[in-house]
Structures are given as C-alpha cells and as structure tokens.
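Structure file input-v7.cif (mmCIF, C-alpha atoms) follows.
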data_entry
#
loop_
_atom_site.group_PDB
_atom_site.id
_atom_site.type_symbol
_atom_site.label_atom_id
_atom_site.label_comp_id
_atom_site.auth_asym_id
_atom_site.auth_seq_id
_atom_site.Cartn_x
_atom_site.Cartn_y
_atom_site.Cartn_z
ATOM 1 C CA MET A 30 48.703 -40.890 65.212
ATOM 2 C CA LYS A 31 46.771 -38.075 63.592
ATOM 3 C CA TRP A 32 45.801 -38.336 59.936
ATOM 4 C CA LYS A 33 45.328 -34.695 59.063
ATOM 5 C CA THR A 34 45.324 -33.754 55.378
ATOM 6 C CA ARG A 35 43.394 -31.222 53.343
ATOM 7 C CA VAL A 36 40.987 -34.056 52.498
ATOM 8 C CA THR A 37 40.214 -34.838 56.145
ATOM 9 C CA ASP A 38 39.759 -31.114 56.813
ATOM 10 C CA LEU A 39 37.552 -30.613 53.742
ATOM 11 C CA LEU A 40 35.282 -33.564 54.463
ATOM 12 C CA GLY A 41 35.345 -33.474 58.259
ATOM 13 C CA ILE A 42 36.586 -37.071 58.562
ATOM 14 C CA GLN A 43 39.165 -38.810 60.749
ATOM 15 C CA TYR A 44 41.017 -40.784 58.088
ATOM 16 C CA PRO A 45 41.622 -39.782 54.440
ATOM 17 C CA ILE A 46 39.660 -42.715 53.022
ATOM 18 C CA VAL A 47 36.628 -42.308 50.753
ATOM 19 C CA GLN A 48 34.243 -45.087 49.756
ATOM 20 C CA GLY A 49 33.494 -45.267 46.039
ATOM 21 C CA GLY A 50 30.017 -44.700 44.603
ATOM 22 C CA LEU A 51 29.438 -48.419 43.850
ATOM 23 C CA ALA A 52 26.347 -48.465 41.658
ATOM 24 C CA HIS A 53 23.526 -50.661 43.025
ATOM 25 C CA LEU A 54 25.574 -51.403 46.169
ATOM 26 C CA ALA A 55 26.359 -48.191 48.063
ATOM 27 C CA TYR A 56 23.399 -47.732 50.365
ATOM 28 C CA ALA A 57 22.860 -46.748 53.988
ATOM 29 C CA GLU A 58 24.384 -49.816 55.654
ATOM 30 C CA LEU A 59 27.731 -49.473 53.899
ATOM 31 C CA ALA A 60 27.853 -45.664 53.857
ATOM 32 C CA ALA A 61 27.152 -45.441 57.584
ATOM 33 C CA ALA A 62 29.685 -48.157 58.397
ATOM 34 C CA VAL A 63 32.454 -46.373 56.476
ATOM 35 C CA SER A 64 31.631 -43.019 58.057
ATOM 36 C CA ASN A 65 31.418 -44.530 61.544
ATOM 37 C CA ALA A 66 34.852 -46.092 60.997
ATOM 38 C CA GLY A 67 36.341 -42.669 60.267
ATOM 39 C CA GLY A 68 36.153 -42.408 56.480
ATOM 40 C CA LEU A 69 33.630 -40.867 54.114
ATOM 41 C CA GLY A 70 30.804 -43.235 53.215
ATOM 42 C CA GLN A 71 28.654 -42.544 50.177
ATOM 43 C CA VAL A 72 25.144 -43.363 49.010
ATOM 44 C CA THR A 73 24.669 -44.007 45.297
ATOM 45 C CA ALA A 74 21.903 -41.751 43.961
ATOM 46 C CA MET A 75 21.376 -42.767 40.351
ATOM 47 C CA SER A 76 20.853 -46.443 41.190
ATOM 48 C CA LEU A 77 17.640 -45.405 42.924
ATOM 49 C CA ASN A 78 14.387 -44.967 41.039
ATOM 50 C CA ASP A 79 13.282 -41.523 42.158
ATOM 51 C CA PRO A 80 13.973 -38.657 44.602
ATOM 52 C CA ASN A 81 11.742 -40.166 47.279
ATOM 53 C CA GLN A 82 13.883 -43.287 47.408
ATOM 54 C CA LEU A 83 17.009 -41.145 47.664
ATOM 55 C CA VAL A 84 15.532 -39.102 50.517
ATOM 56 C CA GLN A 85 14.644 -42.314 52.343
ATOM 57 C CA GLU A 86 18.180 -43.664 51.897
ATOM 58 C CA ILE A 87 19.757 -40.407 53.086
ATOM 59 C CA ARG A 88 17.530 -40.330 56.165
ATOM 60 C CA LYS A 89 18.263 -43.984 56.875
ATOM 61 C CA THR A 90 22.002 -43.240 56.708
ATOM 62 C CA LYS A 91 21.602 -40.260 59.045
ATOM 63 C CA ALA A 92 19.833 -42.537 61.508
ATOM 64 C CA MET A 93 22.812 -44.894 61.447
ATOM 65 C CA THR A 94 25.638 -42.341 61.735
ATOM 66 C CA ASP A 95 26.190 -38.824 63.007
ATOM 67 C CA LYS A 96 29.349 -38.514 60.899
ATOM 68 C CA PRO A 97 29.638 -36.838 57.472
ATOM 69 C CA PHE A 98 28.758 -38.894 54.419
ATOM 70 C CA GLY A 99 28.340 -38.107 50.743
ATOM 71 C CA VAL A 100 25.975 -38.822 47.883
ATOM 72 C CA ASN A 101 27.446 -40.022 44.599
ATOM 73 C CA PHE A 102 25.899 -39.079 41.258
ATOM 74 C CA ALA A 103 26.879 -41.232 38.270
ATOM 75 C CA ILE A 104 25.577 -38.811 35.661
ATOM 76 C CA GLY A 105 26.772 -40.651 32.577
ATOM 77 C CA GLN A 106 24.027 -43.289 32.554
ATOM 78 C CA HIS A 107 22.679 -42.799 29.031
ATOM 79 C CA GLY A 108 21.594 -39.235 29.659
ATOM 80 C CA ARG A 109 19.235 -40.001 32.518
ATOM 81 C CA PRO A 110 18.212 -36.702 34.186
ATOM 82 C CA TYR A 111 19.809 -36.136 37.573
ATOM 83 C CA GLU A 112 18.698 -32.619 38.472
ATOM 84 C CA HIS A 113 15.657 -33.720 40.488
ATOM 85 C CA MET A 114 17.799 -36.211 42.400
ATOM 86 C CA LEU A 115 20.405 -33.555 43.192
ATOM 87 C CA GLU A 116 17.687 -31.166 44.333
ATOM 88 C CA ALA A 117 16.355 -33.812 46.717
ATOM 89 C CA ALA A 118 19.828 -34.381 48.185
ATOM 90 C CA MET A 119 20.357 -30.652 48.664
ATOM 91 C CA LYS A 120 17.042 -30.331 50.504
ATOM 92 C CA GLU A 121 18.313 -33.008 52.887
ATOM 93 C CA GLU A 122 21.344 -30.761 53.556
ATOM 94 C CA ILE A 123 23.938 -33.241 52.345
ATOM 95 C CA ALA A 124 27.454 -32.024 53.160
ATOM 96 C CA VAL A 125 29.340 -33.766 50.330
ATOM 97 C CA VAL A 126 28.507 -34.853 46.799
ATOM 98 C CA SER A 127 30.641 -36.615 44.222
ATOM 99 C CA VAL A 128 30.069 -36.764 40.494
ATOM 100 C CA THR A 129 31.288 -39.463 38.144
ATOM 101 C CA GLY A 130 30.891 -39.900 34.396
ATOM 102 C CA GLY A 131 29.524 -37.369 31.944
ATOM 103 C CA ASN A 132 30.179 -33.640 31.819
ATOM 104 C CA PRO A 133 30.311 -32.237 35.381
ATOM 105 C CA ALA A 134 29.894 -28.596 34.304
ATOM 106 C CA PRO A 135 26.066 -28.355 34.603
ATOM 107 C CA PHE A 136 26.155 -30.381 37.823
ATOM 108 C CA LEU A 137 28.726 -28.097 39.429
ATOM 109 C CA GLU A 138 26.904 -25.000 38.217
ATOM 110 C CA ILE A 139 23.826 -26.038 40.214
ATOM 111 C CA LEU A 140 25.982 -26.293 43.344
ATOM 112 C CA LYS A 141 27.767 -22.999 42.809
ATOM 113 C CA ASP A 142 27.693 -20.716 45.867
ATOM 114 C CA THR A 143 26.395 -23.510 48.113
ATOM 115 C CA PRO A 144 28.297 -24.948 51.116
ATOM 116 C CA VAL A 145 28.213 -28.450 49.609
ATOM 117 C CA LYS A 146 31.672 -29.956 49.122
ATOM 118 C CA LYS A 147 32.104 -31.156 45.546
ATOM 119 C CA LEU A 148 34.271 -34.119 44.513
ATOM 120 C CA VAL A 149 34.786 -34.998 40.845
ATOM 121 C CA LEU A 150 36.144 -38.329 39.593
ATOM 122 C CA VAL A 151 38.613 -37.891 36.728
ATOM 123 C CA ALA A 152 40.883 -40.218 34.776
ATOM 124 C CA ALA A 153 43.240 -37.737 33.105
ATOM 125 C CA LYS A 154 45.252 -34.634 33.944
ATOM 126 C CA ARG A 155 43.229 -32.466 31.548
ATOM 127 C CA GLN A 156 39.998 -33.557 33.248
ATOM 128 C CA ALA A 157 41.392 -32.652 36.667
ATOM 129 C CA ILE A 158 42.405 -29.184 35.493
ATOM 130 C CA LYS A 159 38.943 -28.646 34.024
ATOM 131 C CA ALA A 160 37.228 -29.852 37.198
ATOM 132 C CA GLU A 161 39.221 -27.368 39.253
ATOM 133 C CA GLN A 162 38.269 -24.561 36.877
ATOM 134 C CA LEU A 163 34.604 -25.549 37.193
ATOM 135 C CA GLY A 164 34.680 -25.297 40.967
ATOM 136 C CA ALA A 165 35.457 -28.781 42.271
ATOM 137 C CA ASP A 166 36.750 -28.808 45.852
ATOM 138 C CA ALA A 167 38.805 -31.961 45.227
ATOM 139 C CA VAL A 168 39.386 -34.471 42.465
ATOM 140 C CA MET A 169 39.375 -38.240 42.757
ATOM 141 C CA VAL A 170 41.858 -39.549 40.198
ATOM 142 C CA VAL A 171 41.447 -43.130 38.966
ATOM 143 C CA GLY A 172 44.220 -45.079 37.286
ATOM 144 C CA GLN A 173 43.736 -47.981 34.898
ATOM 145 C CA GLU A 174 43.938 -50.556 37.721
ATOM 146 C CA GLY A 175 40.558 -49.441 39.013
ATOM 147 C CA GLY A 176 37.211 -51.181 38.729
ATOM 148 C CA GLY A 177 34.269 -49.791 36.818
ATOM 149 C CA HIS A 178 34.692 -47.013 34.293
ATOM 150 C CA LEU A 179 38.220 -45.850 33.538
ATOM 151 C CA GLY A 180 40.048 -43.371 31.367
ATOM 152 C CA ARG A 181 40.802 -44.043 27.737
ATOM 153 C CA ASP A 182 44.557 -43.519 28.047
ATOM 154 C CA ASP A 183 45.469 -46.637 30.082
ATOM 155 C CA ILE A 184 47.665 -44.679 32.504
ATOM 156 C CA GLY A 185 48.541 -46.415 35.774
ATOM 157 C CA THR A 186 47.770 -44.798 39.104
ATOM 158 C CA SER A 187 51.391 -44.332 40.172
ATOM 159 C CA VAL A 188 52.131 -42.324 37.026
ATOM 160 C CA LEU A 189 48.842 -40.430 36.850
ATOM 161 C CA ILE A 190 48.616 -39.201 40.457
ATOM 162 C CA PRO A 191 51.855 -37.135 40.564
ATOM 163 C CA GLN A 192 50.990 -35.536 37.224
ATOM 164 C CA VAL A 193 47.605 -34.403 38.518
ATOM 165 C CA VAL A 194 49.066 -33.242 41.842
ATOM 166 C CA ASP A 195 51.501 -31.041 39.906
ATOM 167 C CA SER A 196 48.692 -29.626 37.754
ATOM 168 C CA VAL A 197 46.034 -28.535 40.254
ATOM 169 C CA LYS A 198 45.916 -26.655 43.545
ATOM 170 C CA ILE A 199 42.920 -28.490 45.024
ATOM 171 C CA PRO A 200 43.393 -31.735 46.972
ATOM 172 C CA VAL A 201 43.832 -34.983 45.058
ATOM 173 C CA ILE A 202 42.296 -38.280 46.172
ATOM 174 C CA ALA A 203 43.957 -41.322 44.591
ATOM 175 C CA SER A 204 41.778 -44.148 43.241
ATOM 176 C CA GLY A 205 42.494 -47.418 41.465
ATOM 177 C CA GLY A 206 44.408 -50.250 43.119
ATOM 178 C CA PHE A 207 44.010 -49.305 46.786
ATOM 179 C CA GLY A 208 42.982 -51.747 49.480
ATOM 180 C CA ASP A 209 45.430 -51.627 52.386
ATOM 181 C CA GLY A 210 47.692 -49.423 54.479
ATOM 182 C CA ARG A 211 50.603 -49.756 52.079
ATOM 183 C CA GLY A 212 48.435 -48.300 49.342
ATOM 184 C CA LEU A 213 47.382 -45.397 51.554
ATOM 185 C CA MET A 214 50.998 -44.521 52.307
ATOM 186 C CA ALA A 215 51.982 -44.923 48.653
ATOM 187 C CA ALA A 216 49.234 -42.507 47.616
ATOM 188 C CA LEU A 217 50.377 -39.936 50.176
ATOM 189 C CA ALA A 218 53.970 -40.336 48.992
ATOM 190 C CA LEU A 219 52.806 -39.617 45.428
ATOM 191 C CA GLY A 220 51.307 -36.336 46.598
ATOM 192 C CA ALA A 221 47.665 -37.350 47.014
ATOM 193 C CA GLU A 222 45.955 -36.432 50.274
ATOM 194 C CA GLY A 223 43.641 -39.408 50.521
ATOM 195 C CA ILE A 224 42.439 -42.527 48.739
ATOM 196 C CA GLU A 225 39.157 -43.737 47.321
ATOM 197 C CA MET A 226 38.412 -47.452 47.531
ATOM 198 C CA GLY A 227 35.608 -49.138 45.648
ATOM 199 C CA THR A 228 36.258 -52.838 45.106
ATOM 200 C CA ARG A 229 37.668 -53.367 48.616
ATOM 201 C CA PHE A 230 34.493 -52.014 50.193
ATOM 202 C CA ILE A 231 32.367 -54.578 48.352
ATOM 203 C CA ALA A 232 34.015 -57.425 50.270
ATOM 204 C CA VAL A 233 32.917 -56.239 53.716
ATOM 205 C CA GLU A 234 30.038 -57.458 55.863
ATOM 206 C CA GLU A 235 28.096 -54.190 55.634
ATOM 207 C CA CYS A 236 27.909 -54.260 51.838
ATOM 208 C CA VAL A 237 24.677 -56.168 52.324
ATOM 209 C CA HIS A 238 23.399 -55.742 48.769
ATOM 210 C CA ALA A 239 26.347 -57.624 47.243
ATOM 211 C CA HIS A 240 25.649 -61.348 46.755
ATOM 212 C CA GLU A 241 27.978 -63.713 48.600
ATOM 213 C CA LEU A 242 29.040 -65.185 45.253
ATOM 214 C CA TYR A 243 30.283 -61.734 44.217
ATOM 215 C CA LYS A 244 32.168 -61.205 47.464
ATOM 216 C CA ASN A 245 33.675 -64.683 47.305
ATOM 217 C CA ALA A 246 34.778 -64.077 43.706
ATOM 218 C CA LEU A 247 36.714 -61.042 44.918
ATOM 219 C CA VAL A 248 38.329 -63.093 47.680
ATOM 220 C CA SER A 249 39.245 -66.104 45.544
ATOM 221 C CA GLY A 250 40.250 -64.271 42.368
ATOM 222 C CA SER A 251 43.557 -62.661 41.450
ATOM 223 C CA GLU A 252 44.585 -59.470 39.720
ATOM 224 C CA LYS A 253 44.601 -61.492 36.495
ATOM 225 C CA ASP A 254 40.889 -62.219 36.737
ATOM 226 C CA THR A 255 39.650 -58.874 35.416
ATOM 227 C CA VAL A 256 39.162 -57.621 31.865
ATOM 228 C CA VAL A 257 38.313 -54.263 30.333
ATOM 229 C CA ILE A 258 35.078 -54.151 28.346
ATOM 230 C CA LYS A 259 33.375 -51.414 26.292
ATOM 231 C CA ARG A 260 36.575 -50.051 24.759
ATOM 232 C CA SER A 261 34.969 -50.192 21.315
ATOM 233 C CA ILE A 262 32.239 -47.738 22.337
ATOM 234 C CA GLY A 263 34.627 -45.339 24.075
ATOM 235 C CA ALA A 264 33.684 -46.243 27.650
ATOM 236 C CA PRO A 265 36.329 -48.675 28.932
ATOM 237 C CA ALA A 266 35.429 -50.358 32.218
ATOM 238 C CA ARG A 267 37.060 -53.100 34.292
ATOM 239 C CA VAL A 268 35.033 -56.151 35.356
ATOM 240 C CA ILE A 269 35.503 -59.670 36.674
ATOM 241 C CA SER A 270 36.242 -62.018 33.781
ATOM 242 C CA ASN A 271 33.581 -64.672 33.133
ATOM 243 C CA ASN A 272 31.657 -66.279 30.267
ATOM 244 C CA TRP A 273 29.384 -63.240 30.019
ATOM 245 C CA THR A 274 32.295 -60.829 29.563
ATOM 246 C CA ASP A 275 33.808 -63.226 27.019
ATOM 247 C CA LYS A 276 30.633 -62.685 24.975
ATOM 248 C CA ILE A 277 30.986 -58.918 25.302
ATOM 249 C CA LEU A 278 34.589 -59.007 24.121
ATOM 250 C CA GLU A 279 33.646 -61.275 21.231
ATOM 251 C CA ILE A 280 30.983 -58.790 20.067
ATOM 252 C CA GLU A 281 33.505 -55.961 20.357
ATOM 253 C CA LYS A 282 36.109 -57.925 18.402
ATOM 254 C CA GLU A 283 33.569 -58.347 15.615
ATOM 255 C CA ASN A 284 32.979 -54.567 15.622
ATOM 256 C CA GLY A 285 29.542 -54.802 17.161
ATOM 257 C CA GLY A 286 28.188 -51.428 18.253
ATOM 258 C CA TYR A 287 26.097 -50.301 21.187
ATOM 259 C CA GLU A 288 22.924 -51.897 19.846
ATOM 260 C CA GLN A 289 24.592 -55.304 19.792
ATOM 261 C CA LEU A 290 26.117 -54.751 23.229
ATOM 262 C CA LYS A 291 23.328 -53.056 25.157
ATOM 263 C CA ASN A 292 21.675 -56.165 26.572
ATOM 264 C CA TYR A 293 25.039 -57.490 27.728
ATOM 265 C CA ILE A 294 26.233 -54.266 29.396
ATOM 266 C CA SER A 295 22.925 -53.150 30.900
ATOM 267 C CA GLY A 296 22.235 -52.369 34.538
ATOM 268 C CA GLU A 297 19.997 -55.435 34.595
ATOM 269 C CA ALA A 298 22.893 -57.661 33.514
ATOM 270 C CA ASN A 299 25.045 -56.082 36.217
ATOM 271 C CA GLN A 300 22.411 -56.680 38.897
ATOM 272 C CA ARG A 301 21.873 -60.319 37.874
ATOM 273 C CA TYR A 302 25.452 -60.996 38.958
ATOM 274 C CA ILE A 303 25.935 -58.649 41.910
ATOM 275 C CA HIS A 304 22.474 -59.028 43.491
ATOM 276 C CA ASP A 305 21.238 -62.427 42.351
ATOM 277 C CA GLY A 306 24.544 -64.296 42.078
ATOM 278 C CA VAL A 307 23.960 -65.457 38.488
ATOM 279 C CA GLN A 308 27.655 -65.641 37.727
ATOM 280 C CA ASP A 309 27.505 -66.377 34.002
ATOM 281 C CA GLY A 310 24.299 -64.453 33.386
ATOM 282 C CA GLY A 311 25.748 -61.020 33.956
ATOM 283 C CA PHE A 312 28.833 -59.021 34.905
ATOM 284 C CA ALA A 313 30.369 -57.411 38.001
ATOM 285 C CA TRP A 314 32.673 -54.426 38.333
ATOM 286 C CA ALA A 315 36.041 -55.075 39.981
ATOM 287 C CA GLY A 316 39.518 -53.581 39.999
ATOM 288 C CA GLN A 317 42.839 -55.372 39.944
ATOM 289 C CA VAL A 318 43.004 -54.860 43.707
ATOM 290 C CA MET A 319 40.864 -58.008 43.972
ATOM 291 C CA GLY A 320 44.181 -59.862 43.952
ATOM 292 C CA MET A 321 44.842 -58.309 47.369
ATOM 293 C CA ILE A 322 41.454 -59.188 48.903
ATOM 294 C CA HIS A 323 41.585 -62.310 51.044
ATOM 295 C CA ASP A 324 38.666 -61.991 53.467
ATOM 296 C CA ILE A 325 35.327 -60.323 54.188
ATOM 297 C CA PRO A 326 35.803 -58.349 57.425
ATOM 298 C CA THR A 327 33.564 -55.779 59.022
ATOM 299 C CA THR A 328 34.236 -52.251 57.836
ATOM 300 C CA ALA A 329 35.570 -51.331 61.279
ATOM 301 C CA GLU A 330 37.999 -54.265 61.160
ATOM 302 C CA LEU A 331 39.169 -53.245 57.698
ATOM 303 C CA PHE A 332 39.833 -49.669 58.824
ATOM 304 C CA LYS A 333 41.706 -50.862 61.899
ATOM 305 C CA ARG A 334 43.893 -53.032 59.687
ATOM 306 C CA ILE A 335 44.560 -50.320 57.086
ATOM 307 C CA ILE A 336 45.413 -47.649 59.633
ATOM 308 C CA GLY A 337 47.553 -50.089 61.640
ATOM 309 C CA GLU A 338 49.561 -50.987 58.539
ATOM 310 C CA ALA A 339 49.931 -47.337 57.573
ATOM 311 C CA GLU A 340 51.012 -46.288 61.059
ATOM 312 C CA ALA A 341 53.635 -49.044 61.126
ATOM 313 C CA ILE A 342 55.055 -47.659 57.888
ATOM 314 C CA ARG A 343 55.008 -44.100 59.236
ATOM 315 C CA SER A 344 56.880 -45.232 62.322
ATOM 316 C CA LYS A 345 59.463 -47.059 60.236
ATOM 317 C CA TRP A 346 59.980 -44.015 58.012
ATOM 318 C CA ALA A 347 60.539 -41.904 61.140
ATOM 319 C CA GLU A 348 63.387 -44.090 62.388
#
Could you spell out this file's structure in structure tokens?
Amino acid sequence: MKWKTRVTDLLGIQYPIVQGGLAHLAYAELAAAVSNAGGLGQVTAMSLNDPNQLVQEIRKTKAMTDKPFGVNFAIGQHGRPYEHMLEAAMKEEIAVVSVTGGNPAPFLEILKDTPVKKLVLVAAKRQAIKAEQLGADAVMVVGQEGGGHLGRDDIGTSVLIPQVVDSVKIPVIASGGFGDGRGLMAALALGAEGIEMGTRFIAVEECVHAHELYKNALVSGSEKDTVVIKRSIGAPARVISNNWTDKILEIEKENGGYEQLKNYISGEANQRYIHDGVQDGGFAWAGQVMGMIHDIPTTAELFKRIIGEAEAIRSKWAE
C-alpha cells in the first residue's frame, strides 16, 4: 500500500513517521536507521557542544543514509544561543529542521526564503496558528500523554489534534502516545497526516546512546510509571517515576523555585540516568506510551510491524 500524505510529500519520505528530537540520544545511528526504514530521522543539535560537532554528526548521518533526515533544535534550553548551530546545519544543506521549546519566531525568520522545510512542535491550538503565521511548513502537535516537555493545558492528544487540524491549513503531525500501527491510523482518522514518535524510538537497537537500563525500564514499565515534573516553574515535562523525581516533586510541593530545582532537573542529571544507567541519581524522559513498549527491536523491524498493523486496519476498513 502507498502511504502518501502531505507530510510524506513535504519531507520526501515513504511513511508519515517522524522521529522525535530526543535530547542527548538522537544522533547519526538512530537518525539514519529511521530514515533508511522510510521515516524521517533527526539529529539533535543543541545536545552537542559546538557547530563542529554538529557538522560531524550531520556528515556521519549522510554517510549512513541517502534518505532525507532532519536536525532538531531545542531552543528553550535556558537561553543558550542557537544561531551558530543553525548556520552550521544550513551550510551542510540540511533539508528539514524542527524547532522545539522557546519562541520560534527568530528561528523561522532566519530560515525565511530558504528551501529548508520547517517543522514546529506545539502543544496548543494558539501555538499552531502562530507557527503557521510565522512560516512553519508543518506543525507537530503534542498531547499531554507525551514524554519530555508538554503544554500547560493538560489536553489529551485525541482532543487536541482535531482542534489544530481545524485551525490551520498546513499539515499536522500528531505526537504524544504513539508507538504502533493502531496509533498511526488513529492519528490519520483525527485529521493528522503523520505521527511523531519519541519514546518508542528510544527502545530500539540503533538508539545506541541510551543505556540498557533506560531501555529496559521502558519495556518493563507501564503507563502508570510516569510523572509530570516542573509544573511549578511553568515547564511541565513527563518523565519516568523514580526516587529522583520524587525529590523533584517534593521540592515543588514545598514551593521551591528554580534555584532549588536546578541541580535535580539539569542536563547532567538527565544524562546520569540515560547514558550512565544511574537510575536513582537522575531522571529520564518518557511518555505514557511506555506501557505499550514490550521489546527492543531494530528500527527496521519496528517499522515493518507498525506499517503491517496499519495496513491490516486499512484493509479491514475497506471491507
């Protein structure tokens, strides 16, 4: 079956599946594997130290795939400058960029009148409308089931997606709670033209930077094993529940501010868990979809499974 949507046309991909930015995890091995399987892989830019590292990662990805892939820019990391990183990616003639966190207006202004395809992650209808006005080519819309940073309104994906679809003319990519072919078909039925998956792509063989403890936690845990931290500082984000996140929530309950939280929510604390496997010495992003993750396949195997499930549903609907 063909999987032609405006998202596949826009991004030049076979299947309407986009890999999330995955801070400190989305590098060449994973990005190339997703693109080779027919989706859009992405390299995370702002987890790298400087433009030279980004250029090296982009070139490494190009050596591993001849398919389109994107570069994700998480621009909300405490005001860290991103312009030099974006310039480096543009010099490497990247076809697709995505932007998450922060105000995308200056970012999109830099890319104005360039052939680069621009994806913006949003968590509310008003943000999607604004992104379209600013020149986004598509919006990725995350519901409250998702992992990592979320919207402040606690709106579920199945309610949020149709509202955004009805509010913008550009393609919508659904995010938050997707991990199989049923989810892909559900997203299309809601009016989206593709899905973004983050958590599911951590538990694959090619996500080589994720510690086995992290992957196994995703496999063994359920949808009840996540909590939302950082609500008190206006940046809600979903993580795997552990002793470390209990400490974060305790500080928040006692009205502790950013200064009290910063050592607990830092990138270093994140990397202690996801890279080093220090389970109760840090935290790890994860969405509720972890309750649907039961193995650690290759990326190609995962795609084959997702598309097979989705095609079975399409065939049943056609009866």
Exercise for the section: Taking the point (23.3, -31.8, 51.0) as given in the file, collect each protein or nucleic acid residue that comes within 10 Å of it, counting all atoms listed in the file, and present the set as a ChimeraX atom specification. Expected result: /A:87,98-100,115-126,140,143-146
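Shortest atom-to-atom contact with Thr255 (chain A) among A:Ser344, A:Gln162, A:Thr129, A:Ser270: A:Ser270, counting all atoms listed in the file.
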Practice task
Kindly give the distance, in Å, that separates CA of Val72 (chain A) and CA of Ala92 (chain A), rounded to a single decimal.
Solution key: 13.6 Å
Handout entry: Close residues, Val63 (chain A) itself excluded, 8 Å, all atoms listed in the file, min 4 positions apart in chain, as a ChimeraX atom specification
Key = /A:48,59,67-70,328-329
Practice task
Find, counting all atoms listed in the file, the residue in A:Lys31, A:Ala152, A:Phe312, A:Met214 that gets nearest to Lys345 (chain A).
Solution key: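 Smallest distance to Lys345 (chain A) is found for A:Met214.
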Practice task
Please write as a list in words the full residue list that the PyMOL selection byres ((chain A and resi 186-196) around 7) yields on this file.
Solution key: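 Applying the PyMOL selection byres ((chain A and resi 186-196) around 7) to the structure shown produces Lys154, Ala157, Ile158, Val170, Val171, Gly172, Gln173, Ile184, Gly185, Val197, Val201, Ala203, Gly205, Leu219, Gly220 and Ala221 of chain A.
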Fill in the blank from the handout: In terms of all atoms listed in the file, the residue from A:Ala246, A:Ala298, A:Ala313, A:Ala216 at minimal distance from Val268 (chain A) is A:Ala313
Practice task
Translate the PyMOL selection byres ((chain A and resi 109) around 12), as applied to the file shown, into an explicit residue set as a ChimeraX atom specification.
Solution key: /A:74-79,102-108,110-114,130-131
Same residues, C-alpha atoms, saved as a PDB file, in the frame of the given file:
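File written: result32.pdb
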ATOM      1  CA  ALA A  74      21.903 -41.751  43.961  1.00  0.00           C
ATOM      2  CA  MET A  75      21.376 -42.767  40.351  1.00  0.00           C
ATOM      3  CA  SER A  76      20.853 -46.443  41.190  1.00  0.00           C
ATOM      4  CA  LEU A  77      17.640 -45.405  42.924  1.00  0.00           C
ATOM      5  CA  ASN A  78      14.387 -44.967  41.039  1.00  0.00           C
ATOM      6  CA  ASP A  79      13.282 -41.523  42.158  1.00  0.00           C
ATOM      7  CA  PHE A 102      25.899 -39.079  41.258  1.00  0.00           C
ATOM      8  CA  ALA A 103      26.879 -41.232  38.270  1.00  0.00           C
ATOM      9  CA  ILE A 104      25.577 -38.811  35.661  1.00  0.00           C
ATOM     10  CA  GLY A 105      26.772 -40.651  32.577  1.00  0.00           C
ATOM     11  CA  GLN A 106      24.027 -43.289  32.554  1.00  0.00           C
ATOM     12  CA  HIS A 107      22.679 -42.799  29.031  1.00  0.00           C
ATOM     13  CA  GLY A 108      21.594 -39.235  29.659  1.00  0.00           C
ATOM     14  CA  PRO A 110      18.212 -36.702  34.186  1.00  0.00           C
ATOM     15  CA  TYR A 111      19.809 -36.136  37.573  1.00  0.00           C
ATOM     16  CA  GLU A 112      18.698 -32.619  38.472  1.00  0.00           C
ATOM     17  CA  HIS A 113      15.657 -33.720  40.488  1.00  0.00           C
ATOM     18  CA  MET A 114      17.799 -36.211  42.400  1.00  0.00           C
ATOM     19  CA  GLY A 130      30.891 -39.900  34.396  1.00  0.00           C
ATOM     20  CA  GLY A 131      29.524 -37.369  31.944  1.00  0.00           C
TER      21      GLY A 131
END
Exercise for the section: Could you pull out every residue with an atom within 12 Å of (24.5, -47.5, 54.7), file coordinates, counting all atoms listed in the file, and send them as a PyMOL selection string? Expected result: chain A and resi 48+50-51+54-65+69-73+85-94+96+98-100+230+234-238+328
Practice task
Give me, please, the distance in Å between CA of Ile224 (chain A) and CA of Glu338 (chain A), quoted to one decimal.
Solution key: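 Spanning CA of Ile224 (chain A) to CA of Glu338 (chain A) is a straight-line distance of 14.8 Å.
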Practice task
Identify which of the residues A:Leu290, A:Leu150, A:Met319, A:Ala52 lies closest to Glu225 (chain A), counting all atoms listed in the file when measuring atom-to-atom distances.
Solution key: A:Leu150
Practice task
Give the answer as one residue: which of A:Lys282, A:His323, A:Arg267, A:His304 has the shortest atom-to-atom distance to His53 (chain A), using only C-alpha atoms?
Solution key: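 That would be A:His304, the residue with the smallest distance to His53 (chain A).
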Handout entry: Resolved residues for the PyMOL selection byres ((chain A and resi 32-38) around 9) as a ChimeraX atom specification
Key = /A:30-31,39-46,68,167,199-202,222-223
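Between Ala339 (chain A) and the candidates A:Met226, A:Leu217, A:Val128, A:Ala239, the tightest atom-to-atom separation, counting all atoms listed in the file, involves A:Leu217.
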Could you add the missing atoms to region 226-237 of chain A, up to N, CA and C atoms, and return them as an mmCIF file, in the frame of the given file?
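Wrote it out as part_24.cif, contents follow:
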data_model
loop_
_atom_site.group_PDB
_atom_site.id
_atom_site.type_symbol
_atom_site.label_atom_id
_atom_site.label_comp_id
_atom_site.auth_asym_id
_atom_site.auth_seq_id
_atom_site.Cartn_x
_atom_site.Cartn_y
_atom_site.Cartn_z
ATOM 1 N N MET A 226 38.438 -46.009 47.741
ATOM 2 C CA MET A 226 38.412 -47.452 47.531
ATOM 3 C C MET A 226 37.003 -47.864 47.138
ATOM 4 N N GLY A 227 36.898 -48.628 46.073
ATOM 5 C CA GLY A 227 35.608 -49.138 45.648
ATOM 6 C C GLY A 227 35.521 -50.636 45.851
ATOM 7 N N THR A 228 36.310 -51.384 45.080
ATOM 8 C CA THR A 228 36.258 -52.838 45.106
ATOM 9 C C THR A 228 36.457 -53.395 46.514
ATOM 10 N N ARG A 229 37.395 -52.826 47.271
ATOM 11 C CA ARG A 229 37.668 -53.367 48.616
ATOM 12 C C ARG A 229 36.466 -53.244 49.536
ATOM 13 N N PHE A 230 35.658 -52.210 49.333
ATOM 14 C CA PHE A 230 34.493 -52.014 50.193
ATOM 15 C C PHE A 230 33.294 -52.885 49.796
ATOM 16 N N ILE A 231 33.424 -53.617 48.687
ATOM 17 C CA ILE A 231 32.367 -54.578 48.352
ATOM 18 C C ILE A 231 32.509 -55.815 49.224
ATOM 19 N N ALA A 232 33.748 -56.227 49.474
ATOM 20 C CA ALA A 232 34.015 -57.425 50.270
ATOM 21 C C ALA A 232 34.110 -57.084 51.753
ATOM 22 N N VAL A 233 33.051 -56.472 52.275
ATOM 23 C CA VAL A 233 32.917 -56.239 53.716
ATOM 24 C C VAL A 233 31.509 -56.674 54.121
ATOM 25 N N GLU A 234 31.328 -56.947 55.393
ATOM 26 C CA GLU A 234 30.038 -57.458 55.863
ATOM 27 C C GLU A 234 28.892 -56.479 55.611
ATOM 28 N N GLU A 235 29.169 -55.179 55.734
ATOM 29 C CA GLU A 235 28.096 -54.190 55.634
ATOM 30 C C GLU A 235 27.678 -53.872 54.204
ATOM 31 N N CYS A 236 28.373 -54.408 53.224
ATOM 32 C CA CYS A 236 27.909 -54.260 51.838
ATOM 33 C C CYS A 236 26.853 -55.341 51.611
ATOM 34 N N VAL A 237 25.694 -55.121 52.220
ATOM 35 C CA VAL A 237 24.677 -56.168 52.324
ATOM 36 C C VAL A 237 23.977 -56.446 51.003
#
